[in-house]
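File shown: entry21.txt. Contents: compact mmCIF, C-alpha atoms.
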# COMPACT_ATOMS: atom_id res chain seq x y z
CA MET A 18 -8.07 9.08 41.90
CA ASN A 19 -6.72 7.50 38.74
CA LYS A 20 -8.65 4.92 36.79
CA THR A 21 -6.69 2.30 34.85
CA ILE A 22 -8.62 0.82 31.95
CA THR A 23 -7.24 -2.37 30.37
CA ALA A 24 -7.43 -3.60 26.78
CA GLN A 25 -10.05 -6.16 27.88
CA GLU A 26 -12.18 -3.46 29.50
CA ILE A 27 -11.84 -1.27 26.41
CA SER A 28 -12.99 -4.16 24.25
CA ASN A 29 -16.01 -4.79 26.51
CA MET A 30 -17.13 -1.14 26.58
CA ASP A 31 -20.46 -0.03 25.22
CA ARG A 32 -19.78 1.06 21.65
CA ARG A 33 -21.02 4.63 22.09
CA TYR A 34 -19.17 5.08 25.39
CA ARG A 35 -15.92 3.88 23.76
CA SER A 36 -16.44 6.14 20.77
CA ARG A 37 -16.96 9.22 22.99
CA LEU A 38 -14.06 8.33 25.27
CA PHE A 39 -11.46 7.73 22.56
CA ASN A 40 -12.58 10.67 20.48
CA CYS A 41 -11.71 12.73 23.57
CA ILE A 42 -8.58 10.85 24.60
CA SER A 43 -7.14 11.27 21.10
CA GLY A 44 -6.66 14.92 22.05
CA TYR A 45 -7.79 18.37 21.04
CA LYS A 46 -8.15 18.92 17.31
CA THR A 47 -8.52 22.13 15.35
CA ALA A 48 -12.08 22.58 14.10
CA ILE A 49 -12.24 23.19 10.35
CA LEU A 50 -14.90 23.38 7.67
CA ILE A 51 -14.06 21.72 4.36
CA GLY A 52 -15.75 23.34 1.38
CA THR A 53 -16.22 21.48 -1.91
CA LYS A 54 -18.23 21.63 -5.13
CA SER A 55 -19.31 18.71 -7.30
CA ALA A 56 -18.63 18.62 -11.05
CA GLY A 57 -22.35 19.40 -11.41
CA GLY A 58 -22.05 22.58 -9.32
CA GLN A 59 -23.56 21.42 -6.01
CA THR A 60 -21.62 22.85 -3.04
CA ASN A 61 -20.98 21.03 0.23
CA LEU A 62 -19.60 22.10 3.59
CA ALA A 63 -18.56 19.67 6.32
CA LEU A 64 -17.00 19.94 9.77
CA PHE A 65 -13.79 18.01 10.30
CA ALA A 66 -11.51 17.67 13.29
CA SER A 67 -8.60 15.60 12.03
CA LEU A 68 -6.35 18.18 10.41
CA THR A 69 -2.81 16.78 10.42
CA HIS A 70 0.48 18.49 9.61
CA ILE A 71 2.29 16.28 7.08
CA GLY A 72 5.03 18.70 6.07
CA ALA A 73 5.93 22.33 5.43
CA ASN A 74 7.98 22.05 2.23
CA PRO A 75 5.81 21.62 0.25
CA PRO A 76 3.01 22.56 2.68
CA LEU A 77 1.04 19.32 3.01
CA LEU A 78 -1.99 18.82 5.25
CA GLY A 79 -3.93 15.64 5.85
CA PHE A 80 -7.30 14.69 7.22
CA VAL A 81 -8.80 11.32 8.10
CA LEU A 82 -12.01 10.24 6.44
CA ARG A 83 -14.43 7.54 7.52
CA PRO A 84 -15.68 6.24 4.17
CA GLU A 85 -19.08 5.16 5.49
CA SER A 86 -19.90 8.50 7.05
CA VAL A 87 -21.86 11.56 5.97
CA GLU A 88 -18.54 13.12 5.08
CA ARG A 89 -18.45 11.07 1.88
CA HIS A 90 -20.02 13.88 -0.19
CA THR A 91 -16.91 15.87 0.60
CA MET A 92 -14.64 13.16 -0.78
CA GLU A 93 -16.76 12.56 -3.90
CA ASN A 94 -16.49 16.26 -4.72
CA ILE A 95 -12.76 16.38 -4.03
CA ARG A 96 -12.24 13.45 -6.41
CA GLN A 97 -14.29 15.15 -9.12
CA THR A 98 -12.48 18.50 -9.01
CA GLY A 99 -9.21 17.87 -7.13
CA SER A 100 -10.04 21.00 -5.15
CA TYR A 101 -11.18 21.76 -1.60
CA THR A 102 -10.94 24.57 0.90
CA ILE A 103 -10.03 24.44 4.59
CA ASN A 104 -11.71 27.15 6.67
CA TYR A 105 -10.96 27.66 10.37
CA VAL A 106 -13.88 27.71 12.80
CA SER A 107 -13.66 30.72 15.12
CA ALA A 108 -15.60 30.94 18.39
CA ASP A 109 -18.45 32.96 16.84
CA LEU A 110 -19.04 30.30 14.16
CA ILE A 111 -19.21 27.20 16.39
CA GLU A 112 -22.95 26.66 16.39
CA LYS A 113 -23.38 27.15 12.64
CA ALA A 114 -20.35 24.97 11.93
CA HIS A 115 -21.66 22.20 14.19
CA ARG A 116 -24.96 22.22 12.29
CA THR A 117 -23.21 21.19 9.06
CA SER A 118 -22.95 17.71 10.65
CA ALA A 119 -26.73 17.26 10.43
CA LYS A 120 -27.88 14.93 7.65
CA PHE A 121 -29.15 17.33 5.03
CA PRO A 122 -30.62 15.95 1.78
CA HIS A 123 -28.08 15.50 -1.01
CA ASP A 124 -29.40 18.48 -3.00
CA VAL A 125 -29.20 20.92 -0.08
CA SER A 126 -25.96 22.85 0.37
CA GLU A 127 -24.80 23.23 3.98
CA PHE A 128 -23.74 26.77 3.00
CA ASP A 129 -27.41 27.71 2.61
CA ALA A 130 -28.82 25.44 5.30
CA CYS A 131 -26.40 26.64 8.00
CA GLY A 132 -26.06 30.30 7.04
CA PHE A 133 -22.60 30.45 5.49
CA THR A 134 -21.64 32.46 2.40
CA GLU A 135 -19.75 30.98 -0.54
CA GLU A 136 -16.69 32.92 -1.66
CA TYR A 137 -14.57 32.20 -4.72
CA ILE A 138 -11.17 33.18 -6.01
CA ASP A 139 -9.73 32.74 -9.51
CA GLY A 140 -8.37 29.29 -10.23
CA VAL A 141 -10.03 27.57 -7.26
CA PRO A 142 -13.24 25.66 -8.08
CA ALA A 143 -14.07 24.92 -4.42
CA PRO A 144 -15.98 27.48 -2.32
CA PHE A 145 -14.40 29.24 0.65
CA VAL A 146 -16.42 30.18 3.72
CA SER A 147 -16.65 33.96 3.58
CA GLU A 148 -17.24 34.20 7.36
CA ALA A 149 -13.98 32.36 8.22
CA SER A 150 -10.88 34.47 8.72
CA ILE A 151 -8.16 31.86 8.15
CA LYS A 152 -8.63 29.76 5.00
CA MET A 153 -6.73 27.73 2.45
CA ALA A 154 -7.29 26.38 -1.03
CA MET A 155 -6.06 22.81 -1.27
CA GLN A 156 -5.16 20.57 -4.20
CA LEU A 157 -5.62 16.82 -3.65
CA LYS A 158 -2.27 14.99 -3.76
CA GLU A 159 -2.86 11.49 -2.44
CA GLU A 160 -5.36 9.19 -0.75
CA ILE A 161 -3.73 6.69 1.56
CA PRO A 162 -5.94 3.79 2.69
CA ILE A 163 -5.61 2.78 6.35
CA LYS A 164 -6.58 -0.87 6.15
CA LEU A 165 -6.66 -1.39 9.92
CA ASN A 166 -10.10 0.22 10.09
CA ASP A 167 -11.01 1.17 6.50
CA THR A 168 -10.34 4.85 6.92
CA LEU A 169 -8.53 7.09 4.48
CA LEU A 170 -5.76 9.64 5.02
CA VAL A 171 -6.41 12.38 2.47
CA ILE A 172 -3.40 14.59 1.75
CA GLY A 173 -3.42 17.88 -0.10
CA VAL A 174 -1.01 20.71 -0.82
CA VAL A 175 -1.78 24.32 0.14
CA GLU A 176 -2.29 26.35 -3.06
CA HIS A 177 -3.54 29.59 -1.51
CA LEU A 178 -3.48 30.84 2.04
CA ILE A 179 -5.75 33.67 3.14
CA VAL A 180 -4.90 34.97 6.57
CA PRO A 181 -5.40 38.24 8.52
CA GLU A 182 -2.13 40.16 8.61
CA ASP A 183 -2.40 40.85 12.35
CA ILE A 184 -1.77 37.20 13.29
CA LEU A 185 1.48 36.94 11.27
CA HIS A 186 4.83 37.54 12.94
CA GLN A 187 7.92 38.52 10.97
CA ASP A 188 9.53 35.11 11.49
CA GLY A 189 6.54 33.17 10.10
CA PHE A 190 4.87 32.41 13.43
CA ALA A 191 1.08 32.85 13.27
CA ASP A 192 -0.97 33.29 16.44
CA LEU A 193 -4.24 31.48 15.70
CA SER A 194 -5.74 32.65 19.00
CA LYS A 195 -5.90 36.25 17.73
CA GLN A 196 -8.67 35.03 15.44
CA SER A 197 -10.32 32.88 18.14
CA ALA A 198 -9.67 29.62 16.28
CA VAL A 199 -11.23 26.86 18.38
CA VAL A 200 -10.42 23.21 19.02
CA VAL A 201 -12.78 20.25 19.38
CA SER A 202 -12.48 17.45 21.88
CA GLY A 203 -14.51 14.33 21.26
CA LEU A 204 -17.32 14.69 18.80
CA GLU A 205 -18.84 17.90 20.08
CA ALA A 206 -17.00 19.85 22.81
CA TYR A 207 -15.48 23.16 21.70
CA TYR A 208 -12.65 24.96 23.49
CA ASN A 209 -10.99 28.35 23.22
CA CYS A 210 -7.19 28.51 23.22
CA THR A 211 -5.20 31.14 25.10
CA PRO A 212 -1.41 31.54 24.89
CA VAL A 213 0.70 30.25 27.78
CA THR A 214 4.24 30.61 26.45
CA ARG A 215 6.38 30.32 23.33
CA LEU A 216 9.71 28.60 23.92
CA ALA A 217 12.83 28.90 21.74
CA TYR A 218 14.73 25.88 20.51
CA VAL A 219 16.97 24.86 23.41
CA ARG A 220 20.33 23.06 23.60
CA PRO A 221 21.00 20.52 26.36
CA ASP A 222 23.21 22.86 28.44
CA GLU A 223 21.24 26.09 27.86
CA GLU A 224 18.69 28.00 29.92
CA GLN A 225 15.25 28.09 28.29
CA LYS A 226 14.47 31.34 26.44
CA THR A 227 10.99 32.55 25.49
CA LEU A 228 9.82 34.08 22.20
CA PRO A 229 7.10 36.71 21.67
CA ILE A 230 3.57 35.46 20.92
CA MET B 20 -6.52 43.34 6.46
CA ASN B 21 -6.30 39.93 4.84
CA LYS B 22 -3.17 38.70 3.15
CA THR B 23 -3.53 36.25 0.25
CA ILE B 24 -0.47 34.11 -0.30
CA THR B 25 -0.24 32.18 -3.57
CA ALA B 26 1.40 28.84 -4.35
CA GLN B 27 4.22 30.70 -6.09
CA GLU B 28 4.82 32.91 -3.05
CA ILE B 29 4.75 29.86 -0.79
CA SER B 30 7.33 28.18 -2.98
CA ASN B 31 9.58 31.27 -2.89
CA MET B 32 9.42 31.69 0.89
CA ASP B 33 12.50 31.43 3.07
CA ARG B 34 12.60 27.81 4.22
CA ARG B 35 12.45 28.60 7.95
CA TYR B 36 9.67 31.14 7.52
CA ARG B 37 7.61 28.60 5.57
CA SER B 38 8.25 25.91 8.14
CA ARG B 39 7.10 28.17 11.01
CA LEU B 40 4.08 29.43 9.08
CA PHE B 41 2.73 26.04 8.00
CA ASN B 42 3.44 24.40 11.33
CA CYS B 43 1.08 27.07 12.73
CA ILE B 44 -1.45 27.05 9.91
CA SER B 45 -1.85 23.28 10.22
CA GLY B 46 -3.68 24.03 13.46
CA TYR B 47 -3.46 23.43 17.16
CA LYS B 48 -2.18 20.00 18.15
CA THR B 49 -2.28 18.23 21.50
CA ALA B 50 1.17 18.17 23.10
CA ILE B 51 2.24 14.66 24.09
CA LEU B 52 5.39 12.94 25.31
CA ILE B 53 6.14 9.54 23.81
CA GLY B 54 8.04 7.22 26.15
CA THR B 55 10.02 4.25 24.82
CA LYS B 56 12.74 1.82 25.87
CA SER B 57 15.29 0.11 23.63
CA ALA B 58 15.81 -3.67 23.70
CA GLY B 59 19.02 -2.87 25.59
CA GLY B 60 17.13 -0.97 28.30
CA GLN B 61 17.87 2.66 27.36
CA THR B 62 14.80 4.87 27.86
CA ASN B 63 13.82 7.77 25.62
CA LEU B 64 11.24 10.54 25.89
CA ALA B 65 10.25 12.82 23.02
CA LEU B 66 7.74 15.61 22.48
CA PHE B 67 5.28 15.11 19.63
CA ALA B 68 2.44 17.23 18.34
CA SER B 69 0.85 15.12 15.64
CA LEU B 70 -1.53 12.88 17.56
CA THR B 71 -4.28 11.79 15.17
CA HIS B 72 -7.54 9.99 15.88
CA ILE B 73 -7.72 7.03 13.50
CA GLY B 74 -10.65 5.20 15.09
CA ALA B 75 -12.41 4.30 18.32
CA ASN B 76 -13.22 0.62 17.74
CA PRO B 77 -10.53 -0.58 18.18
CA PRO B 78 -9.03 2.61 19.66
CA LEU B 79 -6.34 3.54 17.14
CA LEU B 80 -4.12 6.60 17.35
CA GLY B 81 -1.54 7.80 14.86
CA PHE B 82 1.38 10.17 14.84
CA VAL B 83 3.52 11.48 11.99
CA LEU B 84 7.27 10.92 12.08
CA ARG B 85 9.94 12.72 10.14
CA PRO B 86 12.48 9.92 9.57
CA GLU B 87 15.48 12.23 9.43
CA SER B 88 14.72 13.96 12.72
CA VAL B 89 15.87 13.55 16.30
CA GLU B 90 12.67 11.66 16.90
CA ARG B 91 14.18 8.59 15.24
CA HIS B 92 15.32 7.08 18.57
CA THR B 93 11.66 6.87 19.45
CA MET B 94 10.88 4.85 16.34
CA GLU B 95 13.90 2.56 16.70
CA ASN B 96 12.75 1.68 20.20
CA ILE B 97 9.13 1.17 19.14
CA ARG B 98 10.28 -1.24 16.44
CA GLN B 99 12.41 -3.18 18.92
CA THR B 100 9.70 -3.66 21.55
CA GLY B 101 6.38 -2.90 19.79
CA SER B 102 5.57 -0.76 22.83
CA TYR B 103 5.29 2.97 23.56
CA THR B 104 3.45 5.27 25.91
CA ILE B 105 1.58 8.49 25.17
CA ASN B 106 1.63 10.98 28.04
CA TYR B 107 -0.31 14.26 27.95
CA VAL B 108 1.57 17.49 28.63
CA SER B 109 -0.25 19.61 31.21
CA ALA B 110 0.45 23.32 31.69
CA ASP B 111 2.86 22.73 34.61
CA LEU B 112 5.02 20.37 32.50
CA ILE B 113 5.46 22.55 29.39
CA GLU B 114 9.02 23.74 30.00
CA LYS B 115 10.37 20.30 30.95
CA ALA B 116 8.52 18.68 28.04
CA HIS B 117 9.90 21.25 25.59
CA ARG B 118 13.44 20.49 26.77
CA THR B 119 13.15 16.86 25.59
CA SER B 120 13.54 18.30 22.04
CA ALA B 121 17.15 19.29 22.77
CA LYS B 122 19.74 17.01 21.17
CA PHE B 123 20.93 14.92 24.09
CA PRO B 124 23.65 12.29 23.52
CA HIS B 125 22.32 8.84 22.60
CA ASP B 126 23.18 7.34 26.01
CA VAL B 127 21.35 10.06 27.98
CA SER B 128 17.70 9.47 28.82
CA GLU B 129 15.46 12.53 28.49
CA PHE B 130 13.68 11.26 31.62
CA ASP B 131 16.80 12.04 33.66
CA ALA B 132 17.98 15.04 31.66
CA CYS B 133 14.61 16.82 31.81
CA GLY B 134 13.46 15.80 35.27
CA PHE B 135 10.76 13.25 34.54
CA THR B 136 10.18 10.02 36.46
CA GLU B 137 9.82 6.63 34.75
CA GLU B 138 6.78 4.61 35.79
CA TYR B 139 6.00 1.03 34.77
CA ILE B 140 3.01 -1.25 34.82
CA ASP B 141 2.90 -5.02 34.30
CA GLY B 142 2.97 -6.13 30.70
CA VAL B 143 4.11 -2.77 29.27
CA PRO B 144 7.87 -2.55 28.48
CA ALA B 145 7.76 1.20 27.68
CA PRO B 146 8.04 3.77 30.47
CA PHE B 147 5.19 6.10 31.39
CA VAL B 148 5.79 9.65 32.60
CA SER B 149 4.85 9.57 36.26
CA GLU B 150 4.20 13.33 36.33
CA ALA B 151 1.58 13.15 33.52
CA SER B 152 -2.04 12.64 34.56
CA ILE B 153 -3.49 11.26 31.30
CA LYS B 154 -1.47 8.43 29.74
CA MET B 155 -1.80 5.42 27.50
CA ALA B 156 0.18 2.29 26.73
CA MET B 157 0.25 1.68 22.98
CA GLN B 158 1.02 -1.38 20.87
CA LEU B 159 2.43 -0.68 17.39
CA LYS B 160 0.02 -1.84 14.67
CA GLU B 161 1.25 -0.38 11.39
CA GLU B 162 3.73 2.00 9.80
CA ILE B 163 2.35 3.70 6.70
CA PRO B 164 4.92 5.46 4.51
CA ILE B 165 3.85 8.85 3.10
CA LYS B 166 5.93 8.96 -0.06
CA LEU B 167 5.04 12.59 -0.87
CA ASN B 168 7.58 13.82 1.66
CA ASP B 169 9.17 10.67 3.16
CA THR B 170 7.29 10.87 6.43
CA LEU B 171 5.68 7.97 8.24
CA LEU B 172 2.22 7.61 9.78
CA VAL B 173 2.72 5.37 12.83
CA ILE B 174 -0.47 3.75 14.10
CA GLY B 175 -0.92 1.98 17.41
CA VAL B 176 -3.78 0.53 19.44
CA VAL B 177 -4.50 1.67 23.01
CA GLU B 178 -3.72 -1.21 25.38
CA HIS B 179 -4.07 0.63 28.69
CA LEU B 180 -5.58 3.99 29.53
CA ILE B 181 -4.74 5.74 32.80
CA VAL B 182 -6.95 8.73 33.45
CA PRO B 183 -8.08 10.74 36.51
CA GLU B 184 -11.66 9.79 37.36
CA ASP B 185 -12.74 13.41 37.74
CA ILE B 186 -12.46 14.12 34.00
CA LEU B 187 -14.71 11.20 32.97
CA HIS B 188 -18.42 11.74 32.39
CA GLN B 189 -20.93 8.89 32.59
CA ASP B 190 -21.47 8.89 28.82
CA GLY B 191 -17.74 8.51 28.00
CA PHE B 192 -17.00 12.20 27.45
CA ALA B 193 -13.67 13.23 29.01
CA ASP B 194 -12.92 16.89 29.75
CA LEU B 195 -9.17 17.21 29.07
CA SER B 196 -9.17 20.81 30.30
CA LYS B 197 -9.77 19.65 33.90
CA GLN B 198 -6.20 18.35 33.80
CA SER B 199 -4.85 21.43 31.98
CA ALA B 200 -3.87 19.47 28.88
CA VAL B 201 -2.21 21.95 26.51
CA VAL B 202 -1.99 22.31 22.75
CA VAL B 203 0.95 23.39 20.60
CA SER B 204 0.82 25.68 17.61
CA GLY B 205 3.80 25.74 15.31
CA LEU B 206 6.95 24.28 16.72
CA GLU B 207 6.94 25.97 20.09
CA ALA B 208 3.87 27.99 21.14
CA TYR B 209 1.79 26.45 23.94
CA TYR B 210 -1.87 27.26 24.63
CA ASN B 211 -4.34 26.47 27.39
CA CYS B 212 -7.83 25.28 26.42
CA THR B 213 -11.00 26.43 28.13
CA PRO B 214 -14.47 25.04 27.40
CA VAL B 215 -16.84 27.13 25.26
CA THR B 216 -19.75 24.76 24.68
CA ARG B 217 -20.67 21.13 24.07
CA LEU B 218 -23.30 20.64 21.39
CA ALA B 219 -25.56 17.61 20.96
CA TYR B 220 -25.95 15.86 17.62
CA VAL B 221 -28.51 17.89 15.73
CA ARG B 222 -31.04 17.03 12.99
CA PRO B 223 -31.68 19.45 10.12
CA ASP B 224 -35.03 20.71 11.48
CA GLU B 225 -34.08 20.79 15.18
CA GLU B 226 -33.00 23.54 17.56
CA GLN B 227 -29.44 23.08 18.82
CA LYS B 228 -29.19 21.55 22.33
CA THR B 229 -26.16 21.73 24.61
CA LEU B 230 -24.60 18.97 26.72
CA PRO B 231 -22.80 19.30 30.09
CA ILE B 232 -19.00 19.69 30.00
Structure rendered as structure tokens:
Amino acid sequence: MNKTITAQEISNMDRRYRSRLFNCISGYKTAILIGTKSAGGQTNLALFASLTHIGANPPLLGFVLRPESVERHTMENIRQTGSYTINYVSADLIEKAHRTSAKFPHDVSEFDACGFTEEYIDGVPAPFVSEASIKMAMQLKEEIPIKLNDTLLVIGVVEHLIVPEDILHQDGFADLSKQSAVVVSGLEAYYNCTPVTRLAYVRPDEEQKTLPI
Amino acid sequence: MNKTITAQEISNMDRRYRSRLFNCISGYKTAILIGTKSAGGQTNLALFASLTHIGANPPLLGFVLRPESVERHTMENIRQTGSYTINYVSADLIEKAHRTSAKFPHDVSEFDACGFTEEYIDGVPAPFVSEASIKMAMQLKEEIPIKLNDTLLVIGVVEHLIVPEDILHQDGFADLSKQSAVVVSGLEAYYNCTPVTRLAYVRPDEEQKTLPI
């Protein structure tokens, strides 16, 4: 049975119910940890699920920030240093990654509190998550205010990409599932992804061809 | 073995390789079909993989549009009517949904060419995909130009939500995997999602609790 929910019913929903529902209905999102360090040297690690592909040339990625939320330490640090890291959450890291959302005191690093190890490379002030297998160093490029609901689209360019060689195909395709990268639905449900098919670009009069995953 | 790719190496990459790589590395994305109708009555259906949660109150969803792409018919129609539908791609619809990306002539509707059925409800000019089980009617709210690479963040508000009752929990959680909603990685690889765990909000000194999926 289908349920049709109208704009009026959406508007009348209990606030928490609506938040859970539309965080799910907005689709699966890749679970990532964003690592930052303040100018004073305090590290921070926060779970995000709004990674957005903005473009490949240059490689630009966005994420959406709620300014009033606990995630604000992340943004303060990014503004101070221009640097952040994006670290994929694999299935074995879910519980530790989820714990970074707890409200730790300002002077506690989620790296320590949640059992992650800081890792650094030359030229990148922000800490990577040593336990993550797919990770990127990002340079802040632009903050775009979304006035409709006072959120912020934060866009950065990929400066370094660290990735296990076994997920890379010769044509540039990368199979994230080989490293058990997980997606989030809603605020807290984690899912594994398994390949179904990879389909070639198709012309209107052609039969569909598949590509290797 | 890990591979570290620097900004310089990224910049020197073959254009197609870079495009494939960073479309993958930007993470899994929920596969959706956007249905529109021009003021003159011509319908259009296009596959997108950039659905972004902007907020739950009001329920705002965004997608990223490359202005120069085949997707531009979608945006022309949205501007003419203010209306569009978002229809989830389930595993059984992958091949037909992928085919909407072929370059059909302007006067051909992807509904007909790819074997989808138009469905309408009162007050919504844009066509739904009858074969999809999770679908939304959207009203255009704002177009935000991303000047870094001439893309556009298109934001709409959910006006109607049509969803099978069996995926809805009492607290608002919706299990998309019960309807086999799929994600895309890169331009063309489709993945099924299976639940791993659902974790309650946790306080710093608490044990982690799970929630039912």
Selection near region 170-180 of chain A, 8 Å with all atoms listed in the file, sequence-local residues under 3 positions removed, as a PDB file with C-alpha atoms, in the frame of the given file:
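As a result, selection.pdb now contains:
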ATOM      1  CA  ILE A  71       2.290  16.280   7.080  1.00  0.00           C
ATOM      2  CA  PRO A  75       5.810  21.620   0.250  1.00  0.00           C
ATOM      3  CA  PRO A  76       3.010  22.560   2.680  1.00  0.00           C
ATOM      4  CA  LEU A  77       1.040  19.320   3.010  1.00  0.00           C
ATOM      5  CA  LEU A  78      -1.990  18.820   5.250  1.00  0.00           C
ATOM      6  CA  GLY A  79      -3.930  15.640   5.850  1.00  0.00           C
ATOM      7  CA  PHE A  80      -7.300  14.690   7.220  1.00  0.00           C
ATOM      8  CA  VAL A  81      -8.800  11.320   8.100  1.00  0.00           C
ATOM      9  CA  LEU A  82     -12.010  10.240   6.440  1.00  0.00           C
ATOM     10  CA  SER A 150     -10.880  34.470   8.720  1.00  0.00           C
ATOM     11  CA  ILE A 151      -8.160  31.860   8.150  1.00  0.00           C
ATOM     12  CA  LYS A 152      -8.630  29.760   5.000  1.00  0.00           C
ATOM     13  CA  MET A 153      -6.730  27.730   2.450  1.00  0.00           C
ATOM     14  CA  ALA A 154      -7.290  26.380  -1.030  1.00  0.00           C
ATOM     15  CA  MET A 155      -6.060  22.810  -1.270  1.00  0.00           C
ATOM     16  CA  GLN A 156      -5.160  20.570  -4.200  1.00  0.00           C
ATOM     17  CA  LEU A 157      -5.620  16.820  -3.650  1.00  0.00           C
ATOM     18  CA  LYS A 158      -2.270  14.990  -3.760  1.00  0.00           C
ATOM     19  CA  GLU A 159      -2.860  11.490  -2.440  1.00  0.00           C
ATOM     20  CA  GLU A 160      -5.360   9.190  -0.750  1.00  0.00           C
ATOM     21  CA  ILE A 161      -3.730   6.690   1.560  1.00  0.00           C
ATOM     22  CA  PRO A 162      -5.940   3.790   2.690  1.00  0.00           C
ATOM     23  CA  ILE A 163      -5.610   2.780   6.350  1.00  0.00           C
ATOM     24  CA  ILE A 184      -1.770  37.200  13.290  1.00  0.00           C
TER      25      ILE A 184
ATOM     26  CA  ASN B  21      -6.300  39.930   4.840  1.00  0.00           C
ATOM     27  CA  LYS B  22      -3.170  38.700   3.150  1.00  0.00           C
ATOM     28  CA  THR B  23      -3.530  36.250   0.250  1.00  0.00           C
ATOM     29  CA  ILE B  24      -0.470  34.110  -0.300  1.00  0.00           C
ATOM     30  CA  THR B  25      -0.240  32.180  -3.570  1.00  0.00           C
ATOM     31  CA  ALA B  26       1.400  28.840  -4.350  1.00  0.00           C
TER      32      ALA B  26
END
- Selection: 9 Å around Ala208 (chain B), only C-alpha atoms, excl. self and same-chain fewer than 2 positions, as a list in words: Phe190, Asp192, Pro212, Val213, Thr214, Arg215, Leu216, Leu228 and Ile230 of chain A; Cys43, Val202, Val203, Ser204, Gly205, Leu206 and Tyr210 of chain B
- Which of these residues is nearest to chain A, using all atoms listed in the file: B:Ala151, B:Met94, B:Val221, B:Ala200?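 Smallest separation from chain A among the options: B:Val221.
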- Task: May I ask for the distance between CA of Lys166 (chain B) and CA of Thr168 (chain A), given in Å to one decimal place?
- Result: 18.2 Å
- Point (-11.6, 29.3, -3.2), cut-off 9 Å, counting only C-alpha atoms, residues as a list in words: Gly52, Ser100, Tyr101, Thr102, Glu135, Glu136, Tyr137, Ile138, Asp139, Gly140, Val141, Pro142, Ala143, Pro144, Phe145, Val146, Lys152, Met153, Ala154, Met155 and His177 of chain A
- Message: Ranking B:Asn63, B:Thr136, B:Thr119, B:Ser45 by minimum distance to chain A and counting all atoms listed in the file, which one comes first?
- Response: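 For chain A, the nearest of the given residues is B:Ser45.
Note that CA of Ser69 (chain B) and CA of Ala73 (chain A) are 13.5 Å apart.
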- Query: So what do you get for CA of Thr47 (chain A) versus CA of Leu195 (chain B), distance-wise?
  - Reply: 14.6 Å
- Which one is closest to chain A: B:Asn76, B:Ser109, B:Ser57, B:Ser149? Count all atoms listed in the file.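 Checking each of B:Asn76, B:Ser109, B:Ser57, B:Ser149 against chain A, counting all atoms listed in the file, the winner is B:Asn76.
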- Selection near region 94-97 of chain A, 6 Å with all atoms listed in the file, sequence-local residues under 4 positions removed, as a VMD selection string: chain A and resid 53 to 56
Taking C-alpha atoms for each residue, export the selection above as an mmCIF file, in the frame of the given file.
data_model
loop_
_atom_site.group_PDB
_atom_site.id
_atom_site.type_symbol
_atom_site.label_atom_id
_atom_site.label_comp_id
_atom_site.auth_asym_id
_atom_site.auth_seq_id
_atom_site.Cartn_x
_atom_site.Cartn_y
_atom_site.Cartn_z
ATOM 1 C CA THR A 53 -16.220 21.480 -1.910
ATOM 2 C CA LYS A 54 -18.230 21.630 -5.130
ATOM 3 C CA SER A 55 -19.310 18.710 -7.300
ATOM 4 C CA ALA A 56 -18.630 18.620 -11.050
#
- Which is closest to chain A among B:Gly101, B:Gly60, B:Gly46, B:Pro231, if we use only C-alpha atoms? B:Gly46
- Task: Determine the nearest neighbour of chain B from the options A:Asp188, A:Asp124, A:Glu224, A:Asp167, counting only C-alpha atoms.
- Result: A:Asp188
- Which is closer to chain B than all the others in A:Asn209, A:Thr60, A:Ser126, A:Gln187, using all atoms listed in the file?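 The answer is A:Asn209, which sits nearest to chain B.
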- Task: Write out as a count of residues only which residues come within 9 Å of Ile111 (chain A) when counting all atoms listed in the file, dropping same-chain ones fewer than 4 positions away.
- Result: 8
